[in-house]
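Below is the file protein-v7.txt, which contains compact mmCIF, C-alpha atoms.
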```txt
# COMPACT_ATOMS: atom_id res chain seq x y z
CA MET A 224 0.00 0.00 0.00
CA GLN A 225 1.25 3.42 -0.84
CA HIS A 226 1.05 4.87 2.67
CA VAL A 227 3.08 2.00 4.11
CA ASP A 228 5.79 2.46 1.51
CA ARG A 229 6.08 6.15 2.24
CA ARG A 230 6.14 5.62 5.98
CA ASP A 231 8.89 3.04 5.64
CA PHE A 232 10.84 5.38 3.43
CA LEU A 233 10.53 8.18 5.94
CA LYS A 234 11.82 5.93 8.68
CA LEU A 235 14.72 4.77 6.56
CA ALA A 236 15.58 8.37 5.83
CA GLY A 237 15.68 9.06 9.57
CA VAL A 238 13.08 11.77 9.21
CA ALA A 239 9.87 10.38 10.60
CA GLY A 240 8.87 9.99 14.20
CA VAL A 241 6.11 7.90 15.61
CA THR A 242 3.52 6.68 13.17
CA PHE A 243 -0.13 6.76 14.13
CA THR A 244 -2.26 4.56 11.96
CA ALA A 245 -5.90 3.86 12.53
CA GLY A 246 -8.92 2.92 10.53
CA LEU A 247 -9.86 6.54 10.35
CA PHE A 248 -11.62 6.14 7.05
CA ALA A 249 -12.99 2.73 7.90
CA GLY A 250 -15.94 3.25 5.66
CA ARG A 251 -14.02 4.54 2.67
CA PRO A 252 -15.45 2.69 -0.31
CA ALA A 253 -13.13 0.56 -2.41
CA SER A 254 -14.09 2.63 -5.44
CA ALA A 255 -12.30 5.58 -3.89
CA GLN A 256 -8.96 3.82 -3.57
CA ALA A 257 -7.65 3.14 -7.03
CA GLY A 258 -5.24 5.83 -8.09
CA THR A 259 -6.46 8.34 -5.57
CA ASP A 260 -4.08 7.83 -2.63
CA PHE A 261 -2.26 10.98 -1.69
CA HIS A 262 -0.52 12.69 1.15
CA PHE A 263 -0.30 16.20 2.50
CA VAL A 264 1.57 17.91 5.32
CA GLN A 265 0.07 19.74 8.29
CA PHE A 266 1.96 22.60 9.91
CA SER A 267 0.46 24.14 13.03
CA ASP A 268 1.14 26.82 15.60
CA THR A 269 4.27 28.29 14.11
CA HIS A 270 3.82 31.49 16.19
CA TRP A 271 6.19 33.51 14.06
CA GLY A 272 7.29 36.53 16.11
CA TYR A 273 7.35 34.75 19.46
CA SER A 274 10.34 35.60 21.62
CA GLY A 275 10.92 33.93 24.96
CA ALA A 276 12.58 31.27 27.01
CA ALA A 277 10.24 28.53 25.82
CA ASN A 278 12.08 28.52 22.48
CA PRO A 279 15.39 30.42 22.18
CA ASP A 280 15.58 29.11 18.61
CA ALA A 281 12.24 30.66 17.62
CA GLU A 282 13.72 32.69 14.77
CA HIS A 283 14.90 29.53 13.00
CA THR A 284 12.46 26.77 13.92
CA LEU A 285 10.04 27.49 11.09
CA GLU A 286 12.86 27.62 8.56
CA LYS A 287 14.10 24.23 9.78
CA ALA A 288 10.62 22.76 9.43
CA VAL A 289 10.37 24.11 5.88
CA ALA A 290 13.73 22.51 5.10
CA THR A 291 12.59 19.20 6.60
CA VAL A 292 9.47 19.10 4.44
CA ASN A 293 11.39 20.23 1.37
CA GLY A 294 13.70 17.27 1.97
CA LEU A 295 10.96 14.68 1.70
CA ALA A 296 11.61 12.47 -1.29
CA SER A 297 7.92 12.25 -1.97
CA GLN A 298 6.63 15.78 -1.89
CA PRO A 299 3.10 16.22 -0.54
CA ASP A 300 0.25 17.17 -2.84
CA PHE A 301 -0.38 20.24 -0.69
CA ILE A 302 0.31 21.75 2.72
CA VAL A 303 -2.10 23.09 5.33
CA PHE A 304 -1.33 25.45 8.21
CA THR A 305 -3.88 25.01 10.99
CA GLY A 306 -3.53 28.36 12.68
CA ASP A 307 -1.41 30.56 14.91
CA LEU A 308 0.85 31.36 12.00
CA THR A 309 2.05 34.36 13.96
CA HIS A 310 2.36 35.19 17.63
CA THR A 311 -0.12 37.82 18.69
CA THR A 312 0.60 41.50 19.05
CA GLU A 313 -1.72 44.40 19.75
CA ASP A 314 0.16 46.53 17.23
CA GLY A 315 -1.60 46.09 13.90
CA LYS A 316 1.46 47.23 11.97
CA GLU A 317 3.64 44.69 13.75
CA ARG A 318 1.00 42.00 13.18
CA ARG A 319 1.18 42.61 9.46
CA ALA A 320 4.99 42.68 9.54
CA ARG A 321 4.97 39.26 11.19
CA MET A 322 2.52 37.89 8.63
CA LYS A 323 4.64 39.28 5.82
CA ARG A 324 7.81 37.66 7.16
CA PHE A 325 5.97 34.40 7.84
CA ARG A 326 4.73 34.36 4.26
CA GLU A 327 8.25 34.97 2.97
CA ILE A 328 9.62 32.02 4.95
CA VAL A 329 6.94 29.56 3.86
CA SER A 330 7.26 30.71 0.26
CA GLU A 331 10.45 28.62 0.30
CA LEU A 332 8.35 25.45 0.45
CA ARG A 333 8.80 23.40 -2.71
CA VAL A 334 5.09 22.66 -2.74
CA LYS A 335 3.19 25.74 -3.86
CA ASP A 336 -0.34 24.56 -3.09
CA VAL A 337 -0.51 25.87 0.48
CA ARG A 338 -3.69 26.48 2.50
CA PHE A 339 -3.72 28.78 5.49
CA MET A 340 -6.03 29.02 8.47
CA PRO A 341 -6.00 31.47 11.37
CA GLY A 342 -5.47 30.82 15.05
CA GLU A 343 -6.54 33.14 17.82
CA HIS A 344 -3.08 34.72 17.81
CA ASP A 345 -3.60 35.74 14.18
CA ALA A 346 -7.21 36.75 14.18
CA SER A 347 -8.89 37.25 17.55
CA LEU A 348 -7.80 40.84 18.18
CA ASP A 349 -8.98 42.21 14.82
CA LYS A 350 -11.65 39.67 13.80
CA GLY A 351 -9.34 38.25 11.17
CA GLU A 352 -8.83 41.51 9.27
CA ALA A 353 -5.05 41.28 8.83
CA PHE A 354 -5.20 37.53 8.18
CA LYS A 355 -7.64 38.05 5.31
CA GLU A 356 -5.37 40.69 3.78
CA PHE A 357 -2.49 38.23 3.61
CA PHE A 358 -4.06 34.78 3.34
CA GLY A 359 -7.67 35.14 2.20
CA ALA A 360 -10.82 33.63 3.67
CA THR A 361 -10.79 32.26 7.21
CA HIS A 362 -13.19 29.41 6.42
CA TYR A 363 -13.59 27.59 3.12
CA THR A 364 -13.78 24.21 1.43
CA PHE A 365 -11.78 22.47 -1.23
CA ASP A 366 -11.71 19.03 -2.78
CA HIS A 367 -8.74 16.83 -3.54
CA LYS A 368 -8.86 13.43 -5.23
CA GLY A 369 -12.33 12.66 -3.95
CA VAL A 370 -11.84 13.93 -0.41
CA HIS A 371 -13.79 16.97 0.75
CA PHE A 372 -11.88 19.36 3.02
CA ILE A 373 -13.67 21.86 5.26
CA ALA A 374 -11.62 24.56 6.99
CA LEU A 375 -13.52 26.02 9.95
CA ASP A 376 -12.73 29.28 11.73
CA ASN A 377 -13.21 29.06 15.50
CA VAL A 378 -10.88 31.94 16.36
CA SER A 379 -11.94 35.16 14.59
CA ASP A 380 -14.60 35.49 17.25
CA SER A 381 -12.46 36.14 20.32
CA ALA A 382 -14.92 34.09 22.39
CA ALA A 383 -13.88 30.98 20.42
CA LYS A 384 -17.16 30.53 18.59
CA LEU A 385 -17.90 29.31 15.12
CA GLY A 386 -21.05 31.37 15.20
CA ASP A 387 -24.50 30.73 13.79
CA GLU A 388 -23.64 32.09 10.36
CA GLN A 389 -20.68 29.75 9.88
CA LEU A 390 -22.65 26.80 11.29
CA ALA A 391 -25.38 27.47 8.73
CA TRP A 392 -22.71 27.62 6.02
CA LEU A 393 -21.35 24.28 7.26
CA ALA A 394 -24.81 22.73 7.28
CA ALA A 395 -25.45 23.90 3.72
CA ASP A 396 -22.13 22.46 2.55
CA LEU A 397 -22.74 19.12 4.24
CA LYS A 398 -26.17 18.83 2.63
CA GLN A 399 -24.36 18.44 -0.66
CA ARG A 400 -22.35 15.47 0.62
CA LYS A 401 -23.30 11.80 0.58
CA PRO A 402 -23.23 9.85 3.87
CA ASP A 403 -20.12 7.87 2.85
CA ASP A 404 -18.15 10.81 1.41
CA GLN A 405 -14.69 11.27 2.85
CA ILE A 406 -14.49 14.50 4.79
CA ILE A 407 -11.47 16.02 6.49
CA VAL A 408 -12.24 18.96 8.75
CA LEU A 409 -9.47 21.42 9.59
CA THR A 410 -9.75 23.66 12.62
CA HIS A 411 -7.45 25.48 14.97
CA ARG A 412 -9.08 24.80 18.32
CA PRO A 413 -10.52 21.40 19.26
CA LEU A 414 -14.20 21.15 18.41
CA PHE A 415 -14.83 18.99 21.48
CA ASP A 416 -14.28 19.73 25.17
CA LEU A 417 -10.73 18.46 25.48
CA LYS A 418 -9.87 20.42 28.62
CA PRO A 419 -12.46 23.13 29.31
CA ASP A 420 -10.66 24.60 32.33
CA TRP A 421 -7.63 25.19 30.11
CA ASP A 422 -9.91 26.69 27.47
CA TRP A 423 -9.14 23.82 25.10
CA THR A 424 -12.54 23.74 23.50
CA THR A 425 -14.80 25.58 21.06
CA ALA A 426 -17.78 27.29 22.62
CA ASP A 427 -20.22 25.94 20.03
CA GLY A 428 -18.08 23.10 18.70
CA ALA A 429 -20.67 20.51 19.73
CA LYS A 430 -23.03 21.96 17.13
CA ALA A 431 -20.46 21.35 14.39
CA ILE A 432 -19.88 17.79 15.58
CA GLU A 433 -23.63 17.20 15.56
CA LEU A 434 -23.78 18.35 11.95
CA LEU A 435 -20.90 16.02 11.03
CA MET A 436 -22.23 12.94 12.83
CA PRO A 437 -24.41 11.62 9.96
CA TYR A 438 -21.31 11.23 7.79
CA LYS A 439 -19.41 7.94 8.11
CA ASN A 440 -15.93 9.06 7.14
CA VAL A 441 -14.94 12.18 9.02
CA VAL A 442 -11.54 13.09 10.41
CA VAL A 443 -10.76 16.34 12.20
CA LEU A 444 -7.23 17.73 12.21
CA TYR A 445 -6.47 20.65 14.47
CA GLY A 446 -3.74 22.44 16.43
CA HIS A 447 -3.84 24.91 19.33
CA ILE A 448 -2.72 22.51 22.08
CA HIS A 449 0.88 22.14 20.81
CA GLN A 450 1.06 18.34 21.09
CA GLU A 451 -0.30 15.18 19.60
CA ASN A 452 -3.67 14.15 20.88
CA HIS A 453 -6.04 11.54 19.53
CA HIS A 454 -9.68 11.47 20.52
CA MET A 455 -12.93 10.01 19.26
CA THR A 456 -16.38 11.58 19.44
CA GLY A 457 -18.47 8.65 18.31
CA HIS A 458 -17.00 7.55 14.98
CA ILE A 459 -15.31 10.92 14.32
CA ALA A 460 -11.56 10.98 14.96
CA HIS A 461 -9.89 14.18 16.16
CA HIS A 462 -6.11 14.53 15.90
CA ALA A 463 -4.14 17.43 17.32
CA ALA A 464 -0.77 18.31 15.82
CA LYS A 465 2.48 19.39 17.40
CA SER A 466 3.52 23.00 17.21
CA LEU A 467 6.65 24.62 15.84
CA ILE A 468 7.31 26.91 18.77
CA PHE A 469 7.00 25.14 22.14
CA PRO A 470 5.17 22.09 23.49
CA LEU A 471 2.39 22.43 26.04
CA PRO A 472 1.71 19.90 28.80
CA ALA A 473 -0.63 16.97 28.39
CA PRO A 474 -4.18 17.91 29.44
CA GLY A 475 -4.36 18.08 33.23
CA SER A 476 -0.79 16.84 33.75
CA GLN A 477 0.22 19.99 35.63
CA PRO A 478 -1.70 22.78 37.35
CA LYS A 479 -1.33 25.30 34.53
CA ARG A 480 -1.02 25.06 30.76
CA ALA A 481 2.41 26.73 30.82
CA PRO A 482 4.92 25.76 28.10
CA LEU A 483 7.17 22.83 28.84
CA PRO A 484 10.82 23.68 29.51
CA TYR A 485 12.95 24.17 26.41
CA ASP A 486 14.84 21.15 25.16
CA ALA A 487 17.49 21.91 22.55
CA ALA A 488 16.68 18.65 20.78
CA MET A 489 13.14 20.01 20.30
CA PRO A 490 11.47 16.60 20.69
CA GLY A 491 8.02 18.11 21.08
CA LEU A 492 8.07 20.16 17.88
CA GLY A 493 7.33 19.12 14.35
CA THR A 494 5.02 18.84 11.40
CA ARG A 495 2.91 15.91 10.29
CA ASP A 496 2.57 13.91 7.11
CA VAL A 497 -0.99 12.77 6.49
CA THR A 498 -1.57 9.98 4.01
CA VAL A 499 -5.07 9.36 2.74
CA ALA A 500 -5.56 5.88 1.36
CA GLN A 501 -7.94 3.17 2.51
CA LYS A 502 -6.79 4.28 5.92
CA VAL A 503 -5.46 7.63 7.02
CA SER A 504 -1.95 7.47 8.41
CA LEU A 505 -0.21 10.14 10.43
CA VAL A 506 3.56 10.31 10.46
CA GLU A 507 5.18 12.87 12.72
CA LEU A 508 8.07 14.80 11.20
CA PRO A 509 10.33 16.20 13.94
CA VAL A 510 12.24 19.41 13.39
CA THR A 511 15.80 18.57 12.50
CA LYS A 512 18.56 20.47 14.27
CA SER A 513 20.42 21.82 11.27
CA MET B 58 -34.04 45.77 56.36
CA LYS B 59 -35.90 45.90 59.68
CA ARG B 60 -38.88 44.20 58.05
CA ARG B 61 -36.63 41.42 56.72
CA VAL B 62 -35.11 40.83 60.15
CA MET B 63 -38.52 40.81 61.76
CA LEU B 64 -39.74 38.32 59.17
CA ALA B 65 -36.75 36.14 59.87
CA LEU B 66 -37.37 36.28 63.59
CA LEU B 67 -40.97 35.31 63.07
CA ILE B 68 -39.97 32.42 60.86
CA GLY B 69 -37.32 31.47 63.38
CA SER B 70 -39.74 31.34 66.25
CA ALA B 71 -42.05 29.17 64.20
CA THR B 72 -39.42 26.73 62.98
CA GLY B 73 -37.06 26.63 65.92
CA GLY B 74 -33.67 27.74 64.63
CA ALA B 75 -34.37 28.94 61.11
CA VAL B 76 -33.03 32.38 61.94
CA ARG B 77 -29.42 31.26 61.97
CA LEU B 78 -29.91 29.42 58.69
CA TRP B 79 -31.52 32.47 57.13
CA ALA B 80 -28.62 34.63 58.26
CA ALA B 81 -26.03 32.19 56.99
CA GLU B 82 -27.58 32.19 53.52
CA GLN B 83 -27.18 35.90 52.96
CA PRO B 84 -25.09 36.26 49.78
CA VAL B 85 -21.60 37.55 50.26
CA GLU B 86 -20.39 39.92 47.58
CA ILE B 87 -16.90 39.33 46.23
CA LYS B 88 -15.48 42.00 43.95
CA ILE B 89 -13.09 40.90 41.22
CA SER B 90 -11.50 43.36 38.82
CA ALA B 91 -10.11 42.25 35.46
CA LYS B 92 -7.45 43.83 33.27
CA LYS B 93 -4.86 42.53 30.84
CA PHE B 94 -3.78 39.90 31.88
CA GLU B 95 -4.90 39.36 35.45
CA TYR B 96 -7.77 39.27 37.88
CA HIS B 97 -7.54 41.09 41.17
CA PRO B 98 -7.81 39.34 43.48
CA ASN B 99 -6.87 36.14 41.70
CA LYS B 100 -7.67 33.96 44.69
CA VAL B 101 -10.93 34.15 46.59
CA THR B 102 -12.19 31.93 49.37
CA THR B 103 -15.65 30.88 50.50
CA LYS B 104 -17.37 27.91 52.13
CA VAL B 105 -19.60 25.12 50.89
CA GLY B 106 -23.23 26.26 50.96
CA GLN B 107 -22.38 29.94 51.31
CA PRO B 108 -24.15 31.93 48.60
CA ILE B 109 -21.83 34.40 46.93
CA VAL B 110 -22.21 37.05 44.30
CA LEU B 111 -19.16 37.71 42.18
CA VAL B 112 -19.14 41.36 41.19
CA LEU B 113 -16.98 41.53 38.09
CA THR B 114 -15.58 44.67 36.46
CA SER B 115 -13.03 45.35 33.73
CA GLN B 116 -10.49 48.16 33.71
CA ASP B 117 -9.61 48.03 30.05
CA ARG B 118 -11.43 45.85 27.49
CA ILE B 119 -13.90 42.98 27.29
CA HIS B 120 -12.65 39.98 29.18
CA GLY B 121 -14.28 36.67 29.88
CA PHE B 122 -14.95 34.87 33.13
CA LYS B 123 -15.34 31.14 32.86
CA MET B 124 -15.48 28.57 35.66
CA PRO B 125 -16.37 25.22 34.06
CA ASP B 126 -16.62 23.36 37.38
CA PHE B 127 -19.75 25.36 38.19
CA GLY B 128 -20.95 25.89 34.64
CA LEU B 129 -20.38 29.63 34.81
CA ARG B 130 -19.29 31.99 32.09
CA THR B 131 -19.91 35.62 31.29
CA ASP B 132 -18.39 38.55 29.49
CA ILE B 133 -16.96 41.35 31.62
CA VAL B 134 -17.65 44.62 29.84
CA PRO B 135 -15.83 47.83 30.81
CA GLY B 136 -18.02 50.45 32.47
CA GLN B 137 -20.50 48.07 34.02
CA GLU B 138 -20.75 45.58 36.85
CA THR B 139 -21.41 41.98 35.95
CA ARG B 140 -22.92 40.00 38.82
CA VAL B 141 -22.70 36.22 38.97
CA SER B 142 -24.44 34.28 41.72
CA LEU B 143 -23.14 30.98 43.00
CA THR B 144 -23.69 28.69 45.97
CA PRO B 145 -20.83 26.18 45.92
CA ASP B 146 -21.99 22.66 46.67
CA LYS B 147 -18.54 21.08 46.78
CA ALA B 148 -15.20 21.82 48.40
CA GLY B 149 -11.96 22.27 46.52
CA SER B 150 -9.96 24.66 44.39
CA PHE B 151 -11.63 25.70 41.16
CA THR B 152 -10.04 27.59 38.32
CA PHE B 153 -11.60 30.57 36.60
CA PHE B 154 -10.05 32.15 33.55
CA CYS B 155 -10.52 34.61 30.72
CA ASP B 156 -12.04 32.93 27.67
CA VAL B 157 -12.11 36.02 25.47
CA PHE B 158 -8.73 36.25 23.78
CA CYS B 159 -7.19 39.52 24.94
CA GLY B 160 -3.56 39.49 23.80
CA ASP B 161 -0.11 38.19 24.58
CA GLY B 162 -0.61 37.02 28.15
CA HIS B 163 -4.22 35.90 27.74
CA GLU B 164 -3.26 32.31 28.45
CA ASP B 165 -1.99 33.33 31.90
CA MET B 166 -5.11 35.22 32.93
CA ASP B 167 -6.71 33.01 35.53
CA GLY B 168 -7.57 32.71 39.19
CA THR B 169 -8.79 30.29 41.82
CA LEU B 170 -11.95 29.99 43.86
CA VAL B 171 -11.17 28.07 47.05
CA VAL B 172 -14.25 26.47 48.61
CA GLU B 173 -13.66 25.25 52.15
CA ALA B 174 -15.68 22.39 53.60
```
Please express what this file holds, its structure, as structure tokens.
Amino acid sequence: MQHVDRRDFLKLAGVAGVTFTAGLFAGRPASAQAGTDFHFVQFSDTHWGYSGAANPDAEHTLEKAVATVNGLASQPDFIVFTGDLTHTTEDGKERRARMKRFREIVSELRVKDVRFMPGEHDASLDKGEAFKEFFGATHYTFDHKGVHFIALDNVSDSAAKLGDEQLAWLAADLKQRKPDDQIIVLTHRPLFDLKPDWDWTTADGAKAIELLMPYKNVVVLYGHIHQENHHMTGHIAHHAAKSLIFPLPAPGSQPKRAPLPYDAAMPGLGTRDVTVAQKVSLVELPVTKS
Amino acid sequence: MKRRVMLALLIGSATGGAVRLWAAEQPVEIKISAKKFEYHPNKVTTKVGQPIVLVLTSQDRIHGFKMPDFGLRTDIVPGQETRVSLTPDKAGSFTFFCDVFCGDGHEDMDGTLVVEA
């Protein structure tokens, strides 16, 4: 199978970390398999502009991740960034300067089909205004080789809501889908209540999950919590990605959600290769030192 | 106020001890002020069964106040008092935090309600 070959190659190349494979598209019809397998890469929480003890290498981490992905022998079909592209600032001019520099760095990616989404650091202080200037819409859909992607914005409202208007938009989009369509949802914050007292939730995320429940093959990829996390709400799988700035503690593992101490080997940082075949496979791509 | 005390005394005489209970259930107001990126005070203490009213104000912008353990959340809007009533039914330390993103430091804006047995 194609995804196994790629995973093995990544391991042989010394690039890949732990592989997470599950029957995430258990109901994917055989008719969807032939010639349609593909893979893409998820970046998340790059926080360009952050400066602090949690990552003394912050000015170079994103560049290293770009180099890592550019070094993959099998280049992904496309790349998604699931939010917090930049670290927040109240200065609108500085916010735009950070977005400009971020865009320059990621323009070095060999793959040119790149999709961006906002995190609260990008969009919550100005309702997504600067983000839209640089990266376009904050929620949208696209299709790739038979898989329907839905990017949801749960950050432009500073109260972490999708909002009724976007939920209606989601409902209208889903009405056009068949029950066994393959759907990958991209969000920044978790749609479910992962850790409400750390604010790791979406205020009205349950409404989105309810809309998605009738569909058999749904996977949600998100960021925000700066670590891998795998969770099921019914048959819907939710997978959080690592960040590229600093790791946060496992939910409830310490009193506060403060960043974990810096480790020069950066074991908690990285991007993720997502292969869509009969199953969806996740291969973590750590940031390399050089 | 005199009428309320008299009513309580009357009830107390009829029920044998209800006066103390009535007095104990008077809500205690606790003022909490919010600003980027802190609450003041950030630690407040009460007792199980003691009704409290949190009187929330903001010194700068809209903040949030969320305490999932008691199912509470509200916006705190500058220029007005936001009052939240609560009678804790369990002892422990419970986190409250800002759930309206307010800038670089938002993630550290939290506090603790200590409920003594």
Write out, as a Markdown table, each residue of chain B that has an atom at most 9 Å from chain A, together with the closest pair of atoms and their distance in Å to one decimal, counting all atoms listed in the file, rows going by chain and rising number.
```
| residue | atom | partner | partner_atom | distance |
| --- | --- | --- | --- | --- |
| B:Gly121 | CA | A:Ala382 | CA | 7.9 |
| B:Lys123 | CA | A:Asp420 | CA | 8.1 |
| B:Met124 | CA | A:Asp420 | CA | 7.1 |
| B:Pro125 | CA | A:Asp420 | CA | 6.0 |
| B:Asp126 | CA | A:Asp420 | CA | 7.9 |
| B:Phe151 | CA | A:Asp420 | CA | 9.0 |
| B:Thr152 | CA | A:Asp420 | CA | 6.7 |
| B:Phe153 | CA | A:Asp420 | CA | 7.4 |
| B:Phe154 | CA | A:Asp420 | CA | 7.7 |
| B:Cys155 | CA | A:Asp422 | CA | 8.6 |
| B:Asp156 | CA | A:Ala382 | CA | 6.1 |
| B:Val157 | CA | A:Ala382 | CA | 4.6 |
| B:Phe158 | CA | A:Ser381 | CA | 5.1 |
| B:Cys159 | CA | A:Leu348 | CA | 6.9 |
| B:Gly160 | CA | A:Thr311 | CA | 6.4 |
| B:Asp161 | CA | A:Thr311 | CA | 5.9 |
| B:Glu164 | CA | A:Arg480 | CA | 7.9 |
| B:Asp165 | CA | A:Ala481 | CA | 8.0 |
```
Keeping only C-alpha atoms, write the selected residues as a PDB file, keeping the file's coordinate frame.
```pdb
ATOM      1  CA  GLY B 121     -14.280  36.670  29.880  1.00  0.00           C
ATOM      2  CA  LYS B 123     -15.340  31.140  32.860  1.00  0.00           C
ATOM      3  CA  MET B 124     -15.480  28.570  35.660  1.00  0.00           C
ATOM      4  CA  PRO B 125     -16.370  25.220  34.060  1.00  0.00           C
ATOM      5  CA  ASP B 126     -16.620  23.360  37.380  1.00  0.00           C
ATOM      6  CA  PHE B 151     -11.630  25.700  41.160  1.00  0.00           C
ATOM      7  CA  THR B 152     -10.040  27.590  38.320  1.00  0.00           C
ATOM      8  CA  PHE B 153     -11.600  30.570  36.600  1.00  0.00           C
ATOM      9  CA  PHE B 154     -10.050  32.150  33.550  1.00  0.00           C
ATOM     10  CA  CYS B 155     -10.520  34.610  30.720  1.00  0.00           C
ATOM     11  CA  ASP B 156     -12.040  32.930  27.670  1.00  0.00           C
ATOM     12  CA  VAL B 157     -12.110  36.020  25.470  1.00  0.00           C
ATOM     13  CA  PHE B 158      -8.730  36.250  23.780  1.00  0.00           C
ATOM     14  CA  CYS B 159      -7.190  39.520  24.940  1.00  0.00           C
ATOM     15  CA  GLY B 160      -3.560  39.490  23.800  1.00  0.00           C
ATOM     16  CA  ASP B 161      -0.110  38.190  24.580  1.00  0.00           C
ATOM     17  CA  GLU B 164      -3.260  32.310  28.450  1.00  0.00           C
ATOM     18  CA  ASP B 165      -1.990  33.330  31.900  1.00  0.00           C
TER      19      ASP B 165
END
```
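Atom pair atom CA of Phe304 of chain A / atom CA of Lys439 of chain A has a distance of 25.2 Å (rounded to one decimal).
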query: atom CA of Gly106 of chain B and atom CA of Gly149 of chain B are how many Å apart?
result: 12.8 Å
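Each of B:His97, B:Thr144, B:Leu113, B:Thr131 was compared to Val85 of chain B using only C-alpha atoms, and B:Thr144 turns out to be the nearest.
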- prompt: Can you list, as an MDAnalysis selection string, every protein, DNA or RNA residue that comes within 10 Å of Leu143 of chain B when you count only C-alpha atoms, leaving out same-chain residues fewer than 6 positions away?
  reply: chainID B and resid 84:85 106:111 127 129
Atom CA of Thr494 of chain A to atom CA of Thr291 of chain A, distance in Å rounded to a single decimal: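 If I compute the distance from atom CA of Thr494 of chain A to atom CA of Thr291 of chain A, I get 9.0 Å.
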- prompt: Leaving out Ile89 of chain B and any residue of its chain fewer than 4 positions from it, which residues lie within 12 Å of it when counting all atoms listed in the file, given as a ChimeraX atom specification?
  reply: /B:95-101,110-116,122,133,138-141,153,167-170
message: Here's a test: counting only C-alpha atoms, identify every protein, DNA and RNA residue with an atom at most 10 Å from (-11.4, 20.9, 2.7) in the file's coordinate frame, and state them as a ChimeraX atom specification.
response: /A:303,338,362-367,370-375,406-409
- request: Mind checking which residues fall within 10 Å of Met455 of chain A, counting only C-alpha atoms, ignoring those fewer than 4 positions away in the same chain, and posting them as number ranges by chain?
  value: A: 415, 442-443, 459-462
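Using only C-alpha atoms, the residues found no farther than 9 Å from Lys147 of chain B, other than those of its own chain fewer than 4 positions away, are Lys104, Val105, Gly106, Val172, Glu173 and Ala174 of chain B.
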